[in-house]
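Asker: You'll find run.cif just under this line, and it carries mmCIF, C-alpha atoms (C1' of nucleotides).
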data_start
loop_
_atom_site.label_atom_id
_atom_site.label_comp_id
_atom_site.auth_asym_id
_atom_site.auth_seq_id
_atom_site.Cartn_x
_atom_site.Cartn_y
_atom_site.Cartn_z
CA MET A 98 0.00 0.00 0.00
CA ASN A 99 2.90 2.43 -0.51
CA ASP A 100 2.84 3.66 3.07
CA ARG A 101 6.39 4.83 3.14
CA ILE A 102 7.24 7.91 5.11
CA TYR A 103 9.31 10.72 3.70
CA SER A 104 11.54 13.32 5.29
CA ILE A 105 11.16 16.92 4.33
CA SER A 106 14.45 17.11 2.47
CA GLU A 107 13.68 13.90 0.65
CA LEU A 108 10.52 15.42 -0.78
CA ALA A 109 12.21 18.75 -1.39
CA LYS A 110 14.82 16.99 -3.47
CA GLU A 111 12.33 14.83 -5.32
CA PHE A 112 10.28 17.80 -6.41
CA GLY A 113 13.03 20.35 -6.78
CA VAL A 114 11.70 22.78 -4.20
CA SER A 115 13.17 24.14 -0.98
CA THR A 116 12.33 22.76 2.44
CA ARG A 117 11.08 26.23 3.26
CA THR A 118 8.50 25.83 0.55
CA ILE A 119 7.22 22.60 2.01
CA ARG A 120 7.03 24.09 5.49
CA PHE A 121 5.17 26.98 3.98
CA TYR A 122 2.69 24.56 2.46
CA GLU A 123 2.17 23.06 5.88
CA GLU A 124 1.56 26.48 7.43
CA LYS A 125 -1.10 26.99 4.80
CA GLY A 126 -2.68 23.66 5.61
CA LEU A 127 -1.87 22.10 2.24
CA VAL A 128 -0.20 19.10 3.83
CA HIS A 129 -0.44 17.57 7.28
CA PRO A 130 2.70 15.68 8.17
CA ARG A 131 2.70 13.79 11.46
CA ARG A 132 5.39 14.52 14.01
CA GLU A 133 7.97 12.39 15.68
CA GLY A 134 9.13 14.80 18.35
CA GLN A 135 9.93 17.79 16.20
CA LYS A 136 10.56 16.01 12.94
CA ARG A 137 7.92 16.04 10.27
CA LEU A 138 6.91 12.70 8.82
CA PHE A 139 5.28 12.91 5.43
CA SER A 140 2.91 10.21 4.24
CA ASN A 141 2.44 9.23 0.65
CA THR A 142 -0.81 11.18 0.71
CA ASP A 143 1.14 14.30 1.56
CA ARG A 144 3.58 13.51 -1.19
CA VAL A 145 0.84 13.19 -3.77
CA ARG A 146 -0.72 16.43 -2.63
CA ILE A 147 2.55 18.23 -3.14
CA LYS A 148 2.81 16.71 -6.57
CA LEU A 149 -0.66 17.96 -7.45
CA ILE A 150 0.10 21.41 -6.07
CA LEU A 151 3.19 21.73 -8.21
CA ARG A 152 1.28 20.55 -11.23
CA GLY A 153 -1.28 23.26 -10.58
CA LYS A 154 1.39 25.87 -10.15
CA ARG A 155 2.96 24.98 -13.47
CA ILE A 156 -0.19 26.05 -15.23
CA GLY A 157 -0.45 29.25 -13.22
CA LEU A 158 -2.89 28.36 -10.48
CA SER A 159 -2.53 30.03 -7.11
CA LEU A 160 -2.07 27.79 -4.10
CA ALA A 161 -5.66 28.48 -3.10
CA GLU A 162 -6.88 27.36 -6.49
CA CYS A 163 -4.77 24.24 -6.31
CA VAL A 164 -6.30 23.29 -2.99
CA GLU A 165 -9.74 24.00 -4.30
CA ILE A 166 -9.25 21.47 -7.05
CA ILE A 167 -7.40 18.92 -4.97
CA ASP A 168 -10.03 18.94 -2.26
CA MET A 169 -13.01 19.10 -4.57
CA TYR A 170 -14.30 15.67 -3.90
CA GLN A 171 -14.30 14.91 -0.19
CA PRO A 172 -16.38 11.76 0.09
CA GLY A 173 -18.79 12.05 2.98
CA HIS A 174 -19.66 15.65 2.20
CA ASN A 175 -22.20 14.30 -0.20
CA ASN A 176 -25.30 16.36 0.21
CA GLU A 177 -27.29 16.64 -3.00
CA GLU A 178 -27.17 20.42 -2.99
CA GLN A 179 -23.41 20.39 -2.58
CA LEU A 180 -22.90 17.80 -5.25
CA HIS A 181 -24.64 19.98 -7.78
CA SER A 182 -22.65 23.07 -6.89
CA LEU A 183 -19.53 20.95 -7.05
CA ILE A 184 -20.40 19.82 -10.54
CA GLY A 185 -20.82 23.48 -11.40
CA ARG A 186 -17.34 24.33 -10.19
CA VAL A 187 -15.97 21.36 -12.07
CA GLN A 188 -17.52 22.71 -15.25
CA GLU A 189 -16.03 26.14 -14.67
CA ARG A 190 -12.62 24.66 -14.15
CA ARG A 191 -12.97 22.57 -17.23
CA ALA A 192 -13.79 25.69 -19.25
CA MET A 193 -10.76 27.52 -17.91
CA LEU A 194 -8.50 24.61 -18.70
CA LEU A 195 -9.81 24.41 -22.24
CA GLN A 196 -9.21 28.13 -22.65
CA GLN A 197 -5.67 27.61 -21.43
CA LYS A 198 -5.11 24.84 -23.94
CA GLN A 199 -6.27 27.20 -26.65
CA ASP A 200 -3.89 29.89 -25.42
CA ILE A 201 -1.06 27.43 -25.39
CA ASP A 202 -1.79 26.31 -28.92
CA ASP A 203 -1.84 29.92 -30.07
CA MET A 204 1.53 30.49 -28.48
CA LEU A 205 2.96 27.34 -29.97
CA ALA A 206 1.85 28.63 -33.35
CA ARG A 207 3.67 31.90 -32.71
CA LEU A 208 6.80 30.05 -31.72
CA ASP A 209 6.59 28.04 -34.92
CA GLU A 210 6.43 31.25 -36.89
CA ILE A 211 9.39 32.73 -35.08
CA GLN A 212 11.48 29.63 -35.53
CA SER A 213 10.60 29.52 -39.18
CA LEU A 214 11.63 33.14 -39.60
CA CYS A 215 14.90 32.42 -37.83
CA GLU A 216 15.72 29.47 -39.99
CA HIS A 217 15.01 31.35 -43.17
CA ALA A 218 17.29 34.12 -42.00
CA LEU A 219 20.14 31.70 -41.39
CA PRO A 220 22.82 30.99 -44.02
CA GLY A 221 23.08 27.20 -43.90
CA VAL A 222 19.54 26.17 -43.03
CA THR A 223 20.37 23.96 -40.08
CA ALA A 224 16.88 22.83 -39.28
CA THR A 225 17.08 20.26 -36.52
CA PRO A 226 16.13 16.93 -38.17
CA ALA A 227 12.64 17.11 -36.61
CA ASP A 228 12.08 14.42 -34.01
CA PRO A 229 8.80 12.84 -35.14
CA LYS A 230 7.69 12.55 -31.51
CA THR A 231 7.68 16.30 -30.93
CA ASP A 232 7.54 17.77 -34.40
CA ARG A 233 4.58 20.08 -34.45
CA ASN A 234 4.83 20.54 -38.19
CA ARG A 235 4.36 16.95 -39.17
CA LEU A 236 1.33 15.79 -41.10
CA MET B 212 -4.79 49.01 -42.24
CA ASN B 213 -6.56 49.08 -38.87
CA ASP B 214 -4.71 52.15 -37.64
CA ARG B 215 -7.40 53.23 -35.27
CA ILE B 216 -6.38 54.83 -32.04
CA TYR B 217 -7.77 53.76 -28.72
CA SER B 218 -8.26 55.54 -25.42
CA ILE B 219 -7.08 53.91 -22.25
CA SER B 220 -10.57 53.26 -20.93
CA GLU B 221 -11.64 51.84 -24.25
CA LEU B 222 -8.92 49.22 -24.06
CA ALA B 223 -9.53 48.66 -20.38
CA LYS B 224 -13.13 47.86 -21.11
CA GLU B 225 -12.38 45.69 -24.11
CA PHE B 226 -10.02 43.49 -22.13
CA GLY B 227 -11.70 43.64 -18.78
CA VAL B 228 -8.78 45.18 -16.92
CA SER B 229 -8.42 48.45 -15.02
CA THR B 230 -6.87 51.57 -16.49
CA ARG B 231 -4.34 51.36 -13.70
CA THR B 232 -3.25 48.03 -15.09
CA ILE B 233 -2.65 49.50 -18.52
CA ARG B 234 -0.71 52.42 -17.09
CA PHE B 235 1.31 49.91 -15.14
CA TYR B 236 2.08 48.06 -18.35
CA GLU B 237 3.32 51.31 -19.81
CA GLU B 238 5.55 51.98 -16.79
CA LYS B 239 7.05 48.56 -17.38
CA GLY B 240 7.62 49.32 -21.03
CA LEU B 241 5.14 46.76 -22.30
CA VAL B 242 3.29 49.30 -24.43
CA HIS B 243 4.30 52.69 -25.81
CA PRO B 244 1.26 54.87 -26.39
CA ARG B 245 1.90 58.23 -28.03
CA ARG B 246 0.79 61.35 -26.27
CA GLU B 247 -1.52 64.13 -27.23
CA GLY B 248 -0.71 66.57 -24.50
CA GLN B 249 -1.23 64.34 -21.48
CA LYS B 250 -3.64 61.87 -23.00
CA ARG B 251 -2.34 58.49 -24.05
CA LEU B 252 -3.13 57.37 -27.57
CA PHE B 253 -2.90 53.64 -28.10
CA SER B 254 -2.19 52.21 -31.52
CA ASN B 255 -3.43 48.89 -32.73
CA THR B 256 0.06 47.53 -32.13
CA ASP B 257 -0.29 48.46 -28.48
CA ARG B 258 -3.68 46.84 -28.42
CA VAL B 259 -2.35 43.58 -29.81
CA ARG B 260 0.50 43.58 -27.34
CA ILE B 261 -1.94 43.88 -24.49
CA LYS B 262 -3.94 41.04 -25.92
CA LEU B 263 -0.83 38.87 -26.08
CA ILE B 264 0.15 39.81 -22.56
CA LEU B 265 -3.22 38.77 -21.19
CA ARG B 266 -3.05 35.54 -23.12
CA GLY B 267 0.30 34.86 -21.51
CA LYS B 268 -0.99 35.67 -18.08
CA ARG B 269 -3.85 33.24 -18.45
CA ILE B 270 -1.39 30.40 -18.71
CA GLY B 271 0.61 31.64 -15.75
CA LEU B 272 3.43 33.55 -17.36
CA SER B 273 4.89 36.54 -15.55
CA LEU B 274 4.84 39.86 -17.34
CA ALA B 275 8.57 39.52 -17.96
CA GLU B 276 8.03 36.15 -19.58
CA CYS B 277 5.24 37.53 -21.71
CA VAL B 278 7.47 40.29 -23.03
CA GLU B 279 10.23 37.82 -23.65
CA ILE B 280 7.99 35.84 -25.95
CA ILE B 281 6.31 38.81 -27.57
CA ASP B 282 9.59 40.48 -28.39
CA MET B 283 11.43 37.34 -29.35
CA TYR B 284 11.74 38.10 -32.99
CA GLN B 285 12.89 41.64 -33.59
CA PRO B 286 13.76 41.76 -37.29
CA GLY B 287 17.04 43.58 -37.79
CA HIS B 288 18.61 42.02 -34.73
CA ASN B 289 19.55 39.13 -36.93
CA ASN B 290 23.08 38.19 -36.10
CA GLU B 291 23.73 34.51 -36.65
CA GLU B 292 24.84 33.95 -33.09
CA GLN B 293 21.68 35.56 -31.77
CA LEU B 294 19.42 33.66 -34.10
CA HIS B 295 20.73 30.38 -32.79
CA SER B 296 20.31 31.37 -29.17
CA LEU B 297 16.84 32.57 -30.05
CA ILE B 298 15.96 29.22 -31.55
CA GLY B 299 17.21 27.69 -28.33
CA ARG B 300 14.87 29.81 -26.26
CA VAL B 301 12.03 28.99 -28.59
CA GLN B 302 12.67 25.29 -28.04
CA GLU B 303 12.67 25.75 -24.27
CA ARG B 304 9.39 27.59 -24.40
CA ARG B 305 7.91 24.94 -26.61
CA ALA B 306 8.90 22.29 -24.10
CA MET B 307 7.33 24.21 -21.24
CA LEU B 308 4.13 24.69 -23.16
CA LEU B 309 3.92 21.01 -23.99
CA GLN B 310 4.44 20.19 -20.32
CA GLN B 311 1.62 22.55 -19.48
CA LYS B 312 -0.67 20.88 -21.95
CA GLN B 313 0.13 17.59 -20.31
CA ASP B 314 -0.63 19.05 -16.89
CA ILE B 315 -3.91 20.41 -18.15
CA ASP B 316 -4.91 17.06 -19.60
CA ASP B 317 -4.09 15.38 -16.30
CA MET B 318 -6.29 17.85 -14.48
CA LEU B 319 -9.10 17.43 -16.95
CA ALA B 320 -8.91 13.72 -16.29
CA ARG B 321 -9.20 14.35 -12.56
CA LEU B 322 -12.18 16.58 -13.11
CA ASP B 323 -13.80 13.86 -15.17
CA GLU B 324 -13.31 11.43 -12.31
CA ILE B 325 -14.78 13.83 -9.81
CA GLN B 326 -17.79 14.57 -11.95
CA SER B 327 -18.35 10.90 -12.50
CA LEU B 328 -18.21 10.27 -8.77
CA CYS B 329 -20.68 13.07 -8.19
CA GLU B 330 -23.12 11.79 -10.71
CA HIS B 331 -23.02 8.28 -9.34
CA ALA B 332 -23.70 9.66 -5.90
CA LEU B 333 -26.77 11.52 -7.08
CA PRO B 334 -30.29 10.02 -6.86
CA GLY B 335 -31.68 10.77 -10.35
CA VAL B 336 -28.56 10.51 -12.48
CA THR B 337 -28.90 13.85 -14.22
CA ALA B 338 -25.88 13.53 -16.45
CA THR B 339 -25.89 16.49 -18.82
CA PRO B 340 -26.67 15.00 -22.24
CA ALA B 341 -23.02 15.30 -23.27
CA ASP B 342 -22.49 17.86 -26.00
CA PRO B 343 -20.48 15.91 -28.58
CA LYS B 344 -18.37 19.00 -29.24
CA THR B 345 -16.99 19.14 -25.73
CA ASP B 346 -17.59 15.69 -24.32
CA ARG B 347 -14.24 14.43 -23.16
CA ASN B 348 -15.60 10.94 -22.60
CA ARG B 349 -16.69 10.27 -26.10
CA LEU B 350 -15.10 7.57 -28.21
"C1'" DA C 118 34.20 16.52 23.13
"C1'" DA C 119 33.75 18.42 18.57
"C1'" DT C 120 32.05 18.24 14.08
"C1'" DT C 121 28.65 17.36 10.60
"C1'" DA C 122 24.15 16.64 8.77
"C1'" DC C 123 19.60 17.39 9.18
"C1'" DG C 124 15.99 19.36 11.28
"C1'" DT C 125 13.29 23.04 13.97
"C1'" DT C 126 11.00 27.86 15.10
"C1'" DT C 127 10.60 32.85 14.75
"C1'" DA C 128 10.76 36.72 12.31
"C1'" DC C 129 11.78 39.98 9.04
"C1'" DG C 130 12.71 40.81 3.85
"C1'" DT C 131 11.44 40.60 -1.07
"C1'" DT C 132 9.25 40.65 -5.59
"C1'" DA C 133 5.43 40.98 -8.74
"C1'" DA C 134 1.35 42.95 -10.04
"C1'" DC C 135 -1.52 45.61 -9.34
"C1'" DG C 136 -5.30 48.56 -5.99
"C1'" DT C 137 -6.43 52.78 -3.82
"C1'" DC C 138 -6.48 57.47 -2.95
"C1'" DA C 139 -5.53 62.35 -3.35
"C1'" DA C 140 -4.86 66.24 -5.91
"C1'" DC C 141 -4.80 68.13 -10.44
"C1'" DT C 142 -5.83 69.16 -15.68
"C1'" DT C 143 -8.55 69.21 -19.73
"C1'" DG C 144 -12.47 69.16 -22.91
"C1'" DG C 145 -16.86 69.55 -23.76
"C1'" DT C 146 -22.01 70.62 -22.11
"C1'" DG C 147 -26.05 72.85 -20.01
"C1'" DC D 272 -19.25 80.06 -15.96
"C1'" DA D 273 -19.95 76.01 -13.45
"C1'" DC D 274 -19.57 71.43 -13.70
"C1'" DC D 275 -18.87 66.76 -14.95
"C1'" DA D 276 -16.48 62.92 -17.16
"C1'" DA D 277 -12.27 61.20 -18.40
"C1'" DG D 278 -7.72 61.58 -17.97
"C1'" DT D 279 -3.24 62.49 -15.49
"C1'" DT D 280 0.69 61.93 -11.91
"C1'" DG D 281 2.56 60.61 -7.61
"C1'" DA D 282 2.64 57.94 -3.53
"C1'" DC D 283 1.49 54.55 -0.46
"C1'" DG D 284 -0.95 49.93 0.49
"C1'" DT D 285 -1.67 45.00 -0.37
"C1'" DT D 286 -1.41 40.07 -1.32
"C1'" DA D 287 0.88 35.82 -2.54
"C1'" DA D 288 4.61 32.94 -2.26
"C1'" DC D 289 8.22 32.20 -0.81
"C1'" DG D 290 13.71 33.66 0.64
"C1'" DT D 291 16.95 34.49 4.17
"C1'" DA D 292 19.04 34.69 8.51
"C1'" DA D 293 19.58 33.75 13.43
"C1'" DA D 294 19.58 30.70 17.03
"C1'" DC D 295 18.76 26.36 18.50
"C1'" DG D 296 17.86 20.79 18.97
"C1'" DT D 297 19.17 15.91 17.93
"C1'" DA D 298 21.72 11.99 16.29
"C1'" DA D 299 25.43 9.95 14.30
"C1'" DT D 300 30.30 10.16 13.27
"C1'" DT D 301 35.12 11.21 14.13
#
Can you give me the file's structure in the form of structure tokens?
Answerer:
Amino acid sequence: MNDRIYSISELAKEFGVSTRTIRFYEEKGLVHPRREGQKRLFSNTDRVRIKLILRGKRIGLSLAECVEIIDMYQPGHNNEEQLHSLIGRVQERRAMLLQQKQDIDDMLARLDEIQSLCEHALPGVTATPADPKTDRNRL
Amino acid sequence: MNDRIYSISELAKEFGVSTRTIRFYEEKGLVHPRREGQKRLFSNTDRVRIKLILRGKRIGLSLAECVEIIDMYQPGHNNEEQLHSLIGRVQERRAMLLQQKQDIDDMLARLDEIQSLCEHALPGVTATPADPKTDRNRL
DNA sequence: AATTACGTTTACGTTAACGTCAACTTGGTG
DNA sequence: CACCAAGTTGACGTTAACGTAAACGTAATT
């Protein structure tokens, strides 16, 4: 059941953040490590939450927004009224994410243009051989 | 050639930001409105730049990062050395954007799960009839 | 006993991206 | 003219998300 425990520096290293950051997340109630004396003991649940937070941050969500999404479905809180409002929030989020994907595609298109301009302006056209896995110009 | 001029409040309204925000963007050198006495006169170029900035912000870029992308290709600055480093930066950006798309897809998947859980927990399963244009569960 | 590694708390500092407010100018309108 | 709407320039305030530094605890190693 992957019930390892993790030290703070272990997680900090795994995710490439400072220990200060993780302590900050605890202050904000984003994770709830147990204590052994003073030492924090992080569960795998905590670890996953951190992972989700960082994923949210990468797409520009605030910490508050990350938590909102992470904690959206708390089983037990299942009153019919609440479920419907939850579905509403899910829909809103979905719309925002789709907008973001559109924005990203627009930017990728711009980058393609720029790169193309660069390569035309270069003497020996040294176009990287186009890795088929990532080539956005392929058919 | 779409060479209208725009007032600050006109642009503020169009993009749903405050005039303060636009003045702030000028302070930071993101736009360069001409002046008629004191009044700022925004060109269509300025308008497009603001649009691009807001697009960048939606996906979590800082203003500095937005400018970096917007101003990436300045024709004239075309020294071979610089073109290559520019292509490098373009590649980095592309990688980040692809990572973001992945993150967004992961989140959309989570949202799908949550919604599914909600709907199963509801008495009359009132699943919205699934618009085929946006239904992420379709085959 | 001293050093090293890892951890802790407390507290103040920092940066970005604006918001807010006050005091002023300018261009029309009744 | 009196007045209002829209604009201007400072200048200070604010929030989020950490960074940084000081001063200390604990456990293992030398």
Asker: Between B:Asn289, B:Tyr217, B:Leu309, B:Gly271, which one has atoms that come closest to chain A, using all atoms listed in the file?
Answerer: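 Among the listed residues, the smallest separation from chain A belongs to B:Gly271.
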Asker: Let me know the residues the PyMOL selection byres ((chain C) within 9 of (chain A)) catches in the file above, as a list in words.
Answerer: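 Output from the PyMOL selection byres ((chain C) within 9 of (chain A)), applied to this file: DC123, DG124 and DT125 of chain C.
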Asker: Translate the PyMOL selection byres ((chain B) within 7 of (chain A)) into a concrete residue list for this structure, as a list of chain:residue names.
Answerer: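 For this structure, the PyMOL selection byres ((chain B) within 7 of (chain A)) captures B:Arg266, B:Arg269, B:Ile270, B:Gly271, B:Tyr284, B:Glu291, B:Leu294, B:Ile298, B:Val301, B:Arg305, B:Leu308, B:Gln311, B:Lys312, B:Asp314, B:Ile315, B:Leu319, B:Leu322, B:Ile325, B:Gln326, B:Cys329, B:Leu333.
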Asker: Mind giving me the straight-line distance from atom CA of Ile102 of chain A to atom CA of Leu138 of chain A in Å, one decimal?
Answerer: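 Spanning atom CA of Ile102 of chain A to atom CA of Leu138 of chain A is a straight-line distance of 6.1 Å.
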Asker: Could you tell me which residues of chain A sit within 10 Å of chain D when counting all atoms listed in the file, and give me the result as a short mmCIF file (atom, residue, chain, number, x, y, z; two decimals) with C-alpha atoms, in the coordinates of the input?
Answerer:
data_model
loop_
_atom_site.label_atom_id
_atom_site.label_comp_id
_atom_site.auth_asym_id
_atom_site.auth_seq_id
_atom_site.Cartn_x
_atom_site.Cartn_y
_atom_site.Cartn_z
CA SER A 115 13.17 24.14 -0.98
CA ARG A 117 11.08 26.23 3.26
CA THR A 118 8.50 25.83 0.55
CA PHE A 121 5.17 26.98 3.98
CA TYR A 122 2.69 24.56 2.46
CA GLN A 135 9.93 17.79 16.20
CA LYS A 136 10.56 16.01 12.94
CA SER A 159 -2.53 30.03 -7.11
CA LEU A 160 -2.07 27.79 -4.10
CA ALA A 161 -5.66 28.48 -3.10
#
Asker: Which polymer residues have any atom within 12 Å of an atom of Ser140 of chain A, counting all atoms listed in the file, with same-chain residues fewer than 6 positions away left out, as a list in words?
Answerer: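 So, after excluding close chain neighbours, the residues are Met98, Asn99, Asp100, Arg101, Ile102, Tyr103, Ser104, Ile105, Glu107, Leu108, Val128, His129, Pro130, Arg131, Arg132, Arg146 and Ile147 of chain A.
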Asker: Calculate how many Å separate atom CA of Glu111 of chain A from atom C1' of DT126 of chain C, rounding to one decimal.
Answerer: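 Pair atom CA of Glu111 of chain A / atom C1' of DT126 of chain C returns 24.3 Å.
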Asker: Quick one: pull the distance between atom CA of Asp257 of chain B and atom CA of Glu237 of chain B, Å, one decimal.
Answerer: 9.8 Å
